[in-house]
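File shown here: entry_5.txt, holding compact mmCIF, C-alpha atoms.
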```txt
# COMPACT_ATOMS: atom_id res chain seq x y z
CA MET A 1 14.78 11.89 -17.69
CA THR A 2 13.97 14.76 -15.32
CA THR A 3 12.82 17.34 -17.88
CA GLY A 4 9.52 18.82 -16.70
CA LEU A 5 9.60 17.00 -13.38
CA SER A 6 8.92 18.86 -10.16
CA THR A 7 11.78 19.07 -7.68
CA VAL A 8 10.48 16.24 -5.51
CA GLN A 9 9.83 13.99 -8.52
CA GLN A 10 13.49 14.18 -9.51
CA HIS A 11 14.32 12.22 -6.35
CA VAL A 12 12.50 9.11 -7.63
CA ASP A 13 15.18 6.81 -9.05
CA ALA A 14 14.21 3.98 -11.40
CA ALA A 15 16.89 1.64 -10.06
CA ARG A 16 15.61 2.15 -6.53
CA VAL A 17 12.00 1.51 -7.61
CA LEU A 18 13.07 -1.72 -9.30
CA GLU A 19 15.00 -2.85 -6.24
CA ILE A 20 12.03 -2.26 -3.93
CA GLU A 21 9.59 -3.98 -6.31
CA GLN A 22 11.81 -7.03 -6.80
CA ALA A 23 12.37 -7.41 -3.07
CA LEU A 24 8.60 -7.48 -2.46
CA LEU A 25 7.97 -9.94 -5.28
CA ARG A 26 10.50 -12.41 -3.88
CA ILE A 27 8.54 -12.77 -0.63
CA PRO A 28 5.46 -15.07 -0.88
CA SER A 29 2.59 -13.37 0.92
CA SER A 30 -0.75 -15.11 0.48
CA ALA A 31 -3.67 -13.80 2.52
CA PHE A 32 -2.93 -14.25 6.23
CA GLU A 33 0.59 -15.39 5.38
CA GLU A 34 2.00 -11.86 5.14
CA HIS A 35 4.28 -12.01 8.20
CA ARG A 36 7.59 -11.93 6.31
CA ILE A 37 6.66 -9.15 3.93
CA ALA A 38 5.14 -7.14 6.80
CA ASP A 39 8.42 -7.36 8.71
CA HIS A 40 10.38 -6.49 5.56
CA LEU A 41 8.31 -3.37 4.89
CA ALA A 42 8.40 -2.33 8.53
CA GLN A 43 12.20 -2.37 8.41
CA ARG A 44 12.26 -0.52 5.09
CA MET A 45 9.99 2.20 6.44
CA ALA A 46 12.02 2.56 9.62
CA ASP A 47 15.21 2.80 7.56
CA ILE A 48 13.95 5.89 5.71
CA GLY A 49 12.82 7.60 8.92
CA LEU A 50 9.13 6.77 9.29
CA ASP A 51 7.55 6.12 12.68
CA VAL A 52 6.53 2.47 12.38
CA THR A 53 3.97 0.45 14.32
CA MET A 54 2.83 -3.13 13.77
CA MET A 55 -0.74 -4.38 14.11
CA ASP A 56 -1.86 -7.98 14.56
CA VAL A 57 -5.00 -8.88 12.59
CA VAL A 58 -7.26 -11.84 13.37
CA HIS A 59 -8.68 -13.89 10.49
CA PRO A 60 -12.35 -12.95 9.97
CA PHE A 61 -13.47 -16.60 9.80
CA ASP A 62 -10.93 -18.41 12.00
CA PRO A 63 -9.80 -16.64 15.20
CA SER A 64 -6.93 -19.10 15.60
CA ILE A 65 -5.19 -17.53 12.56
CA THR A 66 -3.50 -14.14 12.67
CA SER A 67 -1.28 -12.05 10.45
CA ARG A 68 0.25 -8.62 10.87
CA GLN A 69 0.58 -5.35 9.02
CA PRO A 70 2.88 -2.35 9.52
CA MET A 71 2.05 1.34 9.31
CA GLY A 72 4.69 3.99 8.76
CA ILE A 73 4.04 7.67 9.41
CA LEU A 74 5.99 10.59 8.00
CA ARG A 75 5.21 13.20 10.63
CA GLY A 76 4.29 16.71 9.56
CA THR A 77 4.71 19.86 11.58
CA GLY A 78 0.95 20.15 12.08
CA ASN A 79 -1.92 22.23 10.66
CA GLY A 80 -1.97 20.36 7.37
CA PRO A 81 -4.21 17.62 5.94
CA SER A 82 -3.11 14.02 6.41
CA LEU A 83 -2.85 11.58 3.51
CA MET A 84 -3.11 7.79 3.61
CA LEU A 85 -1.39 5.65 0.99
CA ASN A 86 -3.10 2.26 1.19
CA GLY A 87 -2.09 -0.92 -0.66
CA HIS A 88 -2.38 -4.64 -0.02
CA MET A 89 0.51 -7.05 0.52
CA ASP A 90 -1.35 -10.22 -0.47
CA PRO A 91 -1.19 -10.81 -4.23
CA GLY A 92 -4.03 -11.66 -6.57
CA VAL A 93 -5.47 -15.11 -7.14
CA GLU A 94 -2.58 -17.57 -7.28
CA MET A 95 -3.11 -19.06 -10.72
CA PRO A 96 -1.27 -22.03 -12.23
CA GLY A 97 0.40 -21.86 -15.63
CA TRP A 98 3.28 -19.47 -15.02
CA SER A 99 6.00 -19.42 -17.69
CA VAL A 100 8.46 -17.82 -15.24
CA ASP A 101 9.11 -18.20 -11.51
CA PRO A 102 6.26 -16.22 -9.88
CA TYR A 103 8.66 -15.28 -7.06
CA GLY A 104 11.71 -14.73 -9.22
CA ALA A 105 11.07 -11.03 -9.89
CA LYS A 106 12.36 -11.34 -13.46
CA PHE A 107 13.20 -8.02 -15.15
CA GLU A 108 13.45 -8.07 -18.93
CA ASP A 109 12.70 -5.61 -21.74
CA GLY A 110 11.36 -3.09 -19.24
CA TRP A 111 8.89 -5.51 -17.62
CA VAL A 112 8.95 -6.79 -14.04
CA TRP A 113 7.32 -10.23 -13.67
CA GLY A 114 5.94 -11.77 -10.51
CA MET A 115 2.98 -12.64 -8.32
CA GLY A 116 1.52 -9.29 -7.32
CA ALA A 117 3.68 -7.31 -9.76
CA HIS A 118 0.89 -4.76 -10.00
CA ASP A 119 -1.75 -6.31 -7.74
CA ASP A 120 -0.69 -4.81 -5.39
CA LYS A 121 3.04 -4.92 -4.71
CA GLY A 122 3.70 -2.52 -7.57
CA GLY A 123 1.43 0.03 -5.96
CA LEU A 124 3.17 -0.41 -2.62
CA ALA A 125 6.60 -0.03 -4.21
CA ALA A 126 5.47 3.16 -5.94
CA ALA A 127 3.96 4.57 -2.74
CA PHE A 128 7.10 3.75 -0.72
CA CYS A 129 9.40 5.37 -3.28
CA GLY A 130 7.14 8.41 -3.50
CA VAL A 131 7.37 8.94 0.25
CA GLU A 132 11.12 8.34 0.17
CA ALA A 133 11.49 10.99 -2.56
CA VAL A 134 9.73 13.55 -0.36
CA ILE A 135 12.16 12.80 2.45
CA GLN A 136 15.21 12.97 0.19
CA SER A 137 14.04 16.29 -1.29
CA GLY A 138 14.19 17.86 2.18
CA THR A 139 10.57 19.01 1.93
CA ARG A 140 9.04 19.61 5.37
CA LEU A 141 5.38 18.74 5.36
CA LYS A 142 2.62 20.17 7.51
CA GLY A 143 0.32 17.15 7.32
CA ASP A 144 1.16 13.54 8.18
CA VAL A 145 1.58 10.88 5.49
CA LEU A 146 0.44 7.39 6.50
CA LEU A 147 1.94 4.53 4.49
CA CYS A 148 -0.33 1.56 5.12
CA PRO A 149 0.57 -1.83 3.61
CA VAL A 150 -2.40 -3.99 4.59
CA ILE A 151 -3.13 -7.71 4.64
CA ALA A 152 -5.94 -9.79 3.16
CA HIS A 153 -7.48 -7.57 0.52
CA LYS A 154 -8.56 -10.82 -1.10
CA LEU A 155 -10.63 -11.61 2.00
CA GLY A 156 -12.79 -8.54 1.58
CA GLY A 157 -10.30 -6.00 2.85
CA ALA A 158 -9.79 -7.59 6.26
CA GLY A 159 -6.59 -5.63 6.88
CA THR A 160 -8.02 -2.25 5.96
CA ARG A 161 -11.14 -2.95 8.01
CA ALA A 162 -8.98 -3.80 11.03
CA LEU A 163 -6.92 -0.66 10.49
CA LEU A 164 -10.00 1.54 10.41
CA LYS A 165 -11.60 -0.29 13.33
CA SER A 166 -8.52 0.51 15.41
CA GLY A 167 -9.23 4.21 14.86
CA VAL A 168 -6.67 5.05 12.17
CA ARG A 169 -7.94 7.90 10.01
CA ALA A 170 -6.65 10.37 7.45
CA ASP A 171 -8.17 13.37 5.73
CA LEU A 172 -7.46 12.00 2.25
CA CYS A 173 -6.54 8.63 0.73
CA ILE A 174 -4.90 7.22 -2.38
CA ASN A 175 -5.67 3.51 -2.66
CA MET A 176 -2.73 2.17 -4.69
CA GLU A 177 -4.69 -0.30 -6.82
CA HIS A 178 -3.68 -1.06 -10.40
CA SER A 179 -5.47 1.36 -12.73
CA ASN A 180 -2.96 1.76 -15.58
CA ASN A 181 -1.99 4.98 -13.76
CA THR A 182 -5.41 6.49 -14.39
CA ILE A 183 -7.16 8.22 -11.50
CA ALA A 184 -10.31 6.33 -10.59
CA THR A 185 -12.71 8.82 -9.05
CA ALA A 186 -15.69 6.46 -9.43
CA CYS A 187 -15.75 2.75 -8.65
CA VAL A 188 -18.54 0.21 -8.46
CA GLY A 189 -19.67 -1.40 -5.22
CA VAL A 190 -20.32 -5.09 -4.61
CA VAL A 191 -22.96 -6.99 -2.70
CA MET A 192 -23.37 -10.77 -2.44
CA VAL A 193 -26.86 -12.30 -2.38
CA ARG A 194 -28.00 -15.78 -1.36
CA ILE A 195 -31.39 -16.95 -2.67
CA ARG A 196 -32.87 -20.18 -1.31
CA VAL A 197 -35.91 -21.95 -2.73
CA GLU A 198 -37.81 -25.00 -1.55
CA ALA A 199 -40.41 -27.49 -2.75
CA PRO A 200 -42.10 -30.48 -1.12
CA GLU A 201 -40.65 -33.90 -1.90
CA LEU A 202 -42.92 -35.77 -4.31
CA PHE A 203 -42.63 -39.33 -5.53
CA PHE A 204 -43.98 -40.18 -8.95
CA ARG A 205 -47.37 -41.23 -7.57
CA TYR A 206 -48.77 -37.86 -6.51
CA SER A 207 -52.12 -36.12 -6.44
CA ALA A 208 -53.06 -33.19 -8.62
CA GLU A 209 -53.38 -31.09 -5.47
CA ALA A 210 -49.85 -32.00 -4.38
CA LYS A 211 -48.46 -31.32 -7.85
CA ALA A 212 -50.00 -27.81 -7.77
CA GLN A 213 -47.80 -27.02 -4.77
CA TYR A 214 -44.64 -28.38 -6.40
CA TRP A 215 -42.06 -26.58 -8.52
CA ASN A 216 -38.68 -28.24 -8.76
CA PRO A 217 -36.13 -26.11 -6.84
CA ILE A 218 -33.64 -26.18 -9.70
CA GLU A 219 -36.33 -24.96 -12.07
CA GLN A 220 -37.27 -22.21 -9.59
CA LEU A 221 -33.71 -20.91 -9.62
CA CYS A 222 -33.60 -21.20 -13.42
CA GLU A 223 -36.51 -18.76 -13.56
CA VAL A 224 -34.68 -16.38 -11.21
CA ILE A 225 -31.64 -16.54 -13.48
CA ARG A 226 -33.78 -16.00 -16.58
CA ARG A 227 -35.41 -12.89 -15.16
CA ILE A 228 -32.17 -11.32 -13.94
CA GLY A 229 -30.42 -12.10 -17.23
CA PRO A 230 -27.02 -13.40 -18.35
CA SER A 231 -23.96 -12.77 -16.20
CA LEU A 232 -21.94 -9.64 -17.08
CA ASP A 233 -24.71 -8.25 -19.28
CA PRO A 234 -25.49 -4.64 -18.25
CA ILE A 235 -28.78 -4.35 -16.37
CA PRO A 236 -30.82 -1.96 -18.53
CA ALA A 237 -31.95 1.32 -17.02
CA GLY A 238 -35.69 1.34 -16.47
CA SER A 239 -35.90 -2.45 -16.12
CA TRP A 240 -36.18 -4.29 -12.83
CA MET A 241 -33.37 -2.50 -10.98
CA THR A 242 -33.57 1.10 -9.79
CA PHE A 243 -30.49 3.24 -10.49
CA THR A 244 -29.17 6.28 -12.30
CA PRO A 245 -26.56 5.33 -14.92
CA HIS A 246 -23.14 6.75 -14.12
CA PRO A 247 -21.22 8.27 -17.05
CA ASP A 248 -17.88 6.99 -15.73
CA LEU A 249 -19.16 3.44 -15.16
CA PRO A 250 -20.68 2.37 -18.49
CA GLY A 251 -22.21 -1.10 -18.47
CA PHE A 252 -22.99 -1.06 -14.77
CA PRO A 253 -24.73 -2.17 -12.66
CA THR A 254 -24.30 -5.81 -13.58
CA HIS A 255 -24.06 -9.18 -11.90
CA THR A 256 -22.54 -12.66 -11.99
CA PHE A 257 -24.02 -15.95 -10.85
CA ASP A 258 -21.38 -17.53 -8.63
CA THR A 259 -22.65 -20.84 -7.19
CA LEU A 260 -25.73 -23.07 -7.36
CA HIS A 261 -26.25 -25.93 -4.90
CA LYS A 262 -28.84 -28.72 -4.80
CA GLU A 263 -28.71 -31.97 -2.85
CA HIS A 264 -30.58 -35.24 -3.44
CA TYR A 265 -31.23 -38.02 -0.96
CA TYR A 266 -29.67 -40.57 -3.37
CA GLN A 267 -26.35 -38.77 -3.23
CA LYS A 268 -23.78 -37.80 -0.61
CA ASN A 269 -24.68 -34.46 0.98
CA HIS A 270 -21.99 -31.82 0.45
CA THR A 271 -23.67 -28.62 1.66
CA GLY A 272 -25.99 -29.44 4.53
CA LEU A 273 -29.00 -28.34 2.53
CA HIS A 274 -32.13 -30.50 2.69
CA SER A 275 -32.90 -32.25 -0.58
CA LYS A 276 -36.06 -30.13 -0.81
CA GLN A 277 -33.92 -26.99 -1.11
CA ALA A 278 -31.67 -25.32 -3.66
CA GLU A 279 -29.49 -22.27 -3.21
CA LEU A 280 -28.08 -19.65 -5.57
CA MET A 281 -25.28 -17.21 -4.80
CA LEU A 282 -24.80 -14.17 -7.00
CA GLN A 283 -23.19 -10.77 -6.78
CA PHE A 284 -24.19 -7.36 -8.01
CA ARG A 285 -21.71 -4.66 -8.97
CA THR A 286 -23.50 -1.42 -8.16
CA VAL A 287 -23.13 2.24 -9.10
CA PRO A 288 -23.13 5.35 -6.87
CA GLY A 289 -26.63 6.03 -5.60
CA GLN A 290 -27.51 2.37 -5.13
CA THR A 291 -27.72 1.16 -1.53
CA LEU A 292 -28.36 -2.11 0.25
CA GLN A 293 -31.89 -0.88 0.82
CA SER A 294 -32.53 -0.06 -2.84
CA VAL A 295 -31.09 -3.37 -4.09
CA THR A 296 -33.12 -5.26 -1.48
CA ALA A 297 -36.31 -3.54 -2.63
CA ASP A 298 -35.55 -4.22 -6.29
CA LEU A 299 -34.79 -7.90 -5.72
CA THR A 300 -37.90 -8.32 -3.57
CA ALA A 301 -40.03 -6.87 -6.38
CA LEU A 302 -38.47 -9.23 -8.94
CA LEU A 303 -38.99 -12.31 -6.77
CA GLU A 304 -42.54 -11.33 -5.86
CA ALA A 305 -43.33 -10.99 -9.57
CA ILE A 306 -42.23 -14.59 -10.04
CA LYS A 307 -44.44 -15.58 -7.10
CA ARG A 308 -47.44 -13.95 -8.73
CA ASP A 309 -46.86 -15.87 -11.95
CA TYR A 310 -45.95 -19.14 -10.24
CA PRO A 311 -47.72 -19.56 -6.88
CA ALA A 312 -45.55 -22.61 -6.06
CA PHE A 313 -42.45 -20.38 -6.04
CA ASN A 314 -41.17 -20.60 -2.46
CA TYR A 315 -38.17 -18.35 -1.78
CA SER A 316 -36.15 -16.51 0.84
CA PHE A 317 -33.02 -14.44 0.41
CA GLU A 318 -30.17 -12.78 2.31
CA LEU A 319 -28.73 -9.46 1.17
CA PRO A 320 -25.91 -9.22 1.97
CA ALA A 321 -25.44 -12.98 2.17
CA LYS A 322 -24.50 -14.13 5.67
CA GLY A 323 -20.75 -14.28 6.03
CA THR A 324 -20.14 -11.49 3.51
CA GLU A 325 -21.38 -8.53 5.54
CA SER A 326 -17.88 -7.45 6.57
CA GLY A 327 -16.12 -8.72 3.46
CA TRP A 328 -17.50 -8.59 -0.04
CA CYS A 329 -20.14 -6.03 0.78
CA GLN A 330 -18.75 -2.67 -0.25
CA GLU A 331 -20.44 0.56 -1.22
CA PRO A 332 -19.73 2.20 -4.56
CA MET A 333 -17.38 5.17 -4.22
CA GLU A 334 -17.04 8.54 -5.90
CA CYS A 335 -14.77 11.54 -5.48
CA ALA A 336 -15.45 14.81 -7.26
CA ARG A 337 -13.21 15.37 -10.28
CA ASP A 338 -12.30 18.86 -9.05
CA HIS A 339 -11.42 17.73 -5.51
CA ARG A 340 -7.94 18.84 -4.47
CA LEU A 341 -6.93 15.18 -4.05
CA VAL A 342 -7.72 14.55 -7.71
CA THR A 343 -6.18 17.72 -9.08
CA ALA A 344 -2.95 17.23 -7.09
CA LEU A 345 -2.53 13.64 -8.24
CA ALA A 346 -3.47 14.56 -11.81
CA ALA A 347 -0.83 17.29 -11.87
CA GLY A 348 1.75 14.81 -10.60
CA GLN A 349 0.74 12.22 -13.18
CA GLU A 350 0.96 14.77 -16.00
CA CYS A 351 4.41 15.96 -14.92
CA ALA A 352 5.67 12.41 -14.55
CA SER A 353 4.26 11.02 -17.79
CA GLY A 354 4.27 14.06 -20.07
CA ALA A 355 0.63 13.37 -21.00
CA PRO A 356 -2.71 14.57 -19.59
CA ALA A 357 -3.98 12.51 -16.68
CA VAL A 358 -6.93 10.22 -17.37
CA ILE A 359 -9.62 10.75 -14.74
CA GLY A 360 -12.85 8.80 -14.22
CA GLY A 361 -13.70 5.14 -13.81
CA TRP A 362 -12.01 3.48 -16.78
CA GLY A 363 -8.87 2.18 -15.08
CA ARG A 364 -10.82 0.39 -12.34
CA LEU A 365 -13.99 -0.34 -14.30
CA GLY A 366 -15.83 -3.18 -12.58
CA ASN A 367 -13.28 -3.52 -9.77
CA VAL A 368 -13.60 -2.79 -6.08
CA GLY A 369 -10.65 -1.99 -3.84
CA ASP A 370 -9.98 -1.19 -0.22
CA GLY A 371 -10.60 2.41 -1.26
CA ASN A 372 -14.32 1.57 -1.28
CA ILE A 373 -14.10 0.69 2.41
CA ILE A 374 -12.18 3.86 3.24
CA ALA A 375 -14.46 6.13 1.20
CA ALA A 376 -17.51 4.72 3.00
CA LEU A 377 -16.26 6.53 6.14
CA GLY A 378 -16.46 9.86 4.32
CA ILE A 379 -12.73 10.07 3.55
CA PRO A 380 -12.17 11.46 0.01
CA THR A 381 -10.48 8.60 -1.83
CA VAL A 382 -9.25 7.71 -5.29
CA GLN A 383 -7.89 4.43 -6.62
CA TYR A 384 -4.65 4.80 -8.58
CA GLY A 385 -1.66 2.66 -9.40
CA PRO A 386 0.56 1.03 -12.02
CA GLY A 387 -0.43 -2.00 -14.09
CA ASP A 388 -3.22 -2.79 -16.52
CA ILE A 389 -5.21 -6.04 -16.45
CA ARG A 390 -6.34 -5.41 -20.03
CA ILE A 391 -3.02 -6.68 -21.39
CA TYR A 392 -4.10 -10.22 -20.47
CA ARG A 393 -6.68 -12.41 -22.19
CA GLU A 394 -8.36 -13.00 -18.82
CA TRP A 395 -7.96 -11.82 -15.24
CA PRO A 396 -6.87 -13.14 -12.80
CA THR A 397 -4.06 -14.84 -14.68
CA ALA A 398 -0.56 -16.23 -14.51
CA ASP A 399 2.46 -14.26 -15.79
CA GLU A 400 1.48 -11.03 -14.04
CA ARG A 401 3.86 -8.22 -15.02
CA VAL A 402 4.22 -4.47 -14.95
CA LEU A 403 6.37 -1.93 -16.78
CA LEU A 404 9.11 -0.41 -14.65
CA SER A 405 8.37 2.92 -16.35
CA ASP A 406 4.80 2.76 -15.03
CA LEU A 407 6.07 2.08 -11.50
CA VAL A 408 8.37 5.09 -11.74
CA THR A 409 5.60 7.30 -13.09
CA ALA A 410 3.30 6.28 -10.24
CA ALA A 411 5.99 6.96 -7.63
CA ARG A 412 6.62 10.41 -9.09
CA ALA A 413 2.91 11.23 -9.26
CA VAL A 414 2.44 10.21 -5.62
CA ALA A 415 5.49 12.23 -4.51
CA HIS A 416 4.09 15.33 -6.22
CA ALA A 417 0.64 14.79 -4.70
CA ILE A 418 2.11 14.40 -1.20
CA VAL A 419 3.95 17.73 -1.39
CA THR A 420 0.97 19.51 -2.95
CA LEU A 421 -1.56 18.19 -0.44
CA CYS A 422 0.47 18.00 2.77
CA GLY A 423 3.28 20.51 2.16
```
Could you express the structure from this file as structure tokens?
Amino acid sequence: MTTGLSTVQQHVDAARVLEIEQALLRIPSSAFEEHRIADHLAQRMADIGLDVTMMDVVHPFDPSITSRQPMGILRGTGNGPSLMLNGHMDPGVEMPGWSVDPYGAKFEDGWVWGMGAHDDKGGLAAAFCGVEAVIQSGTRLKGDVLLCPVIAHKLGGAGTRALLKSGVRADLCINMEHSNNTIATACVGVVMVRIRVEAPELFFRYSAEAKAQYWNPIEQLCEVIRRIGPSLDPIPAGSWMTFTPHPDLPGFPTHTFDTLHKEHYYQKNHTGLHSKQAELMLQFRTVPGQTLQSVTADLTALLEAIKRDYPAFNYSFELPAKGTESGWCQEPMECARDHRLVTALAAGQECASGAPAVIGGWGRLGNVGDGNIIAALGIPTVQYGPGDIRIYREWPTADERVLLSDLVTAARAVAHAIVTLCG
């Protein structure tokens, strides 16, 4: 099992990886309910010799709710680059339809089953065991290693944002998101948009002049949808959106229409909108080079074109939509393929797996992670971790599972990268 492995990689033990992963899976940890798993990981990190601190994090939408997240630091001797290993403790969307206990941590035929098996408890287990292997190997590092299990990724990275706001920084970062153990050097960004349209109320006895000023709000939004195009269809280069196609992100940028609201005075009001209004929420997944400013300009041009064709079109929009500015508004990220962070992790992946590392955007295609938030501060970042959502018919899904062999490979790749980068 250790043929071709570097010295530090030989200290990653599959039984230990399984034990750590199963322990995490057995602790429910929905967003802002991570207290137990935070305490568990804090104790685990202290047990292997890390300097551990705990941070309280306030809910971004309800200040009466808090959770907490630990950070463990493996101190270096100094004069070396620091490396952050970031992963989230809250699992993915909690779907019904499980065929096994989602908190039972079943292990069978090489697979570990459970809520968060690879999103993102598998990544955390791999990162922890990678750090532990460095310690057990006796390697003395120059740079610090920061192991950062964070809360509330599913609320727009609230834990990572709080961590960074507190001043925590590193020179380099591996965001332990599931990527089928490929090294994602390019990832899309996301921005949420709210478009609101309005029309005067008209009863059936109206004048021609009044009718000229009227366009049903639902029909207005239908025209917006028609011009943008079907959800998940790639936005063609040279059409209404300005961007340079990215070779590692084929099919992007794209979009999805998320919600459409319209009230009527005959019905109970659910949204607070006036019956003269209708509202559409959509999201764009953007590529490197696109900015909030460029997307705003493109959307303005599209909506103004509708206005020219239909003078009764009466719109306003928010980009990013209010309430999403510090959540699901994340810049696309990119790290050069020849960056030392990439080459070190790729060498570790190749040694651990016996196959060339896959580098690019494929393993995280269409996904954003907390790595987007970290990279936006200028910290070279990649997204990398065990687990592949392509094994399921849809994602998110029940019956989440990950191969133990992939967890072990990820732990060994991370251990190698730590020694190469910080040693």
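Rounded to one decimal, atom CA of A:Glu263 and atom CA of A:Pro320 lie 23.4 Å from each other.
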> In Å, how far is it from atom CA of A:Val358 to atom CA of A:His118?
Replying inline: 18.4 Å
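Counting all atoms listed in the file and comparing A:Leu163, A:Met89, A:Ile379, A:Ala212, the residue that lies closest to A:Phe313 is A:Ala212.
For A:Trp362, the residues within 12 Å (counting only C-alpha atoms, excluding itself and residues fewer than 4 positions away along the chain) are His178, Ser179, Asn180, Asn181, Thr182, Ile183, Ala184, Thr185, Ala186, Cys187, Val188, His246, Pro247, Asp248, Leu249, Pro250, Gly251, Val358, Gly366, Asn367, Gln383, Tyr384, Asp388, Ile389 and Arg390 of chain A.
The space separating atom CA of A:Ile373 from atom CA of A:Gly76 comes to 25.4 Å.
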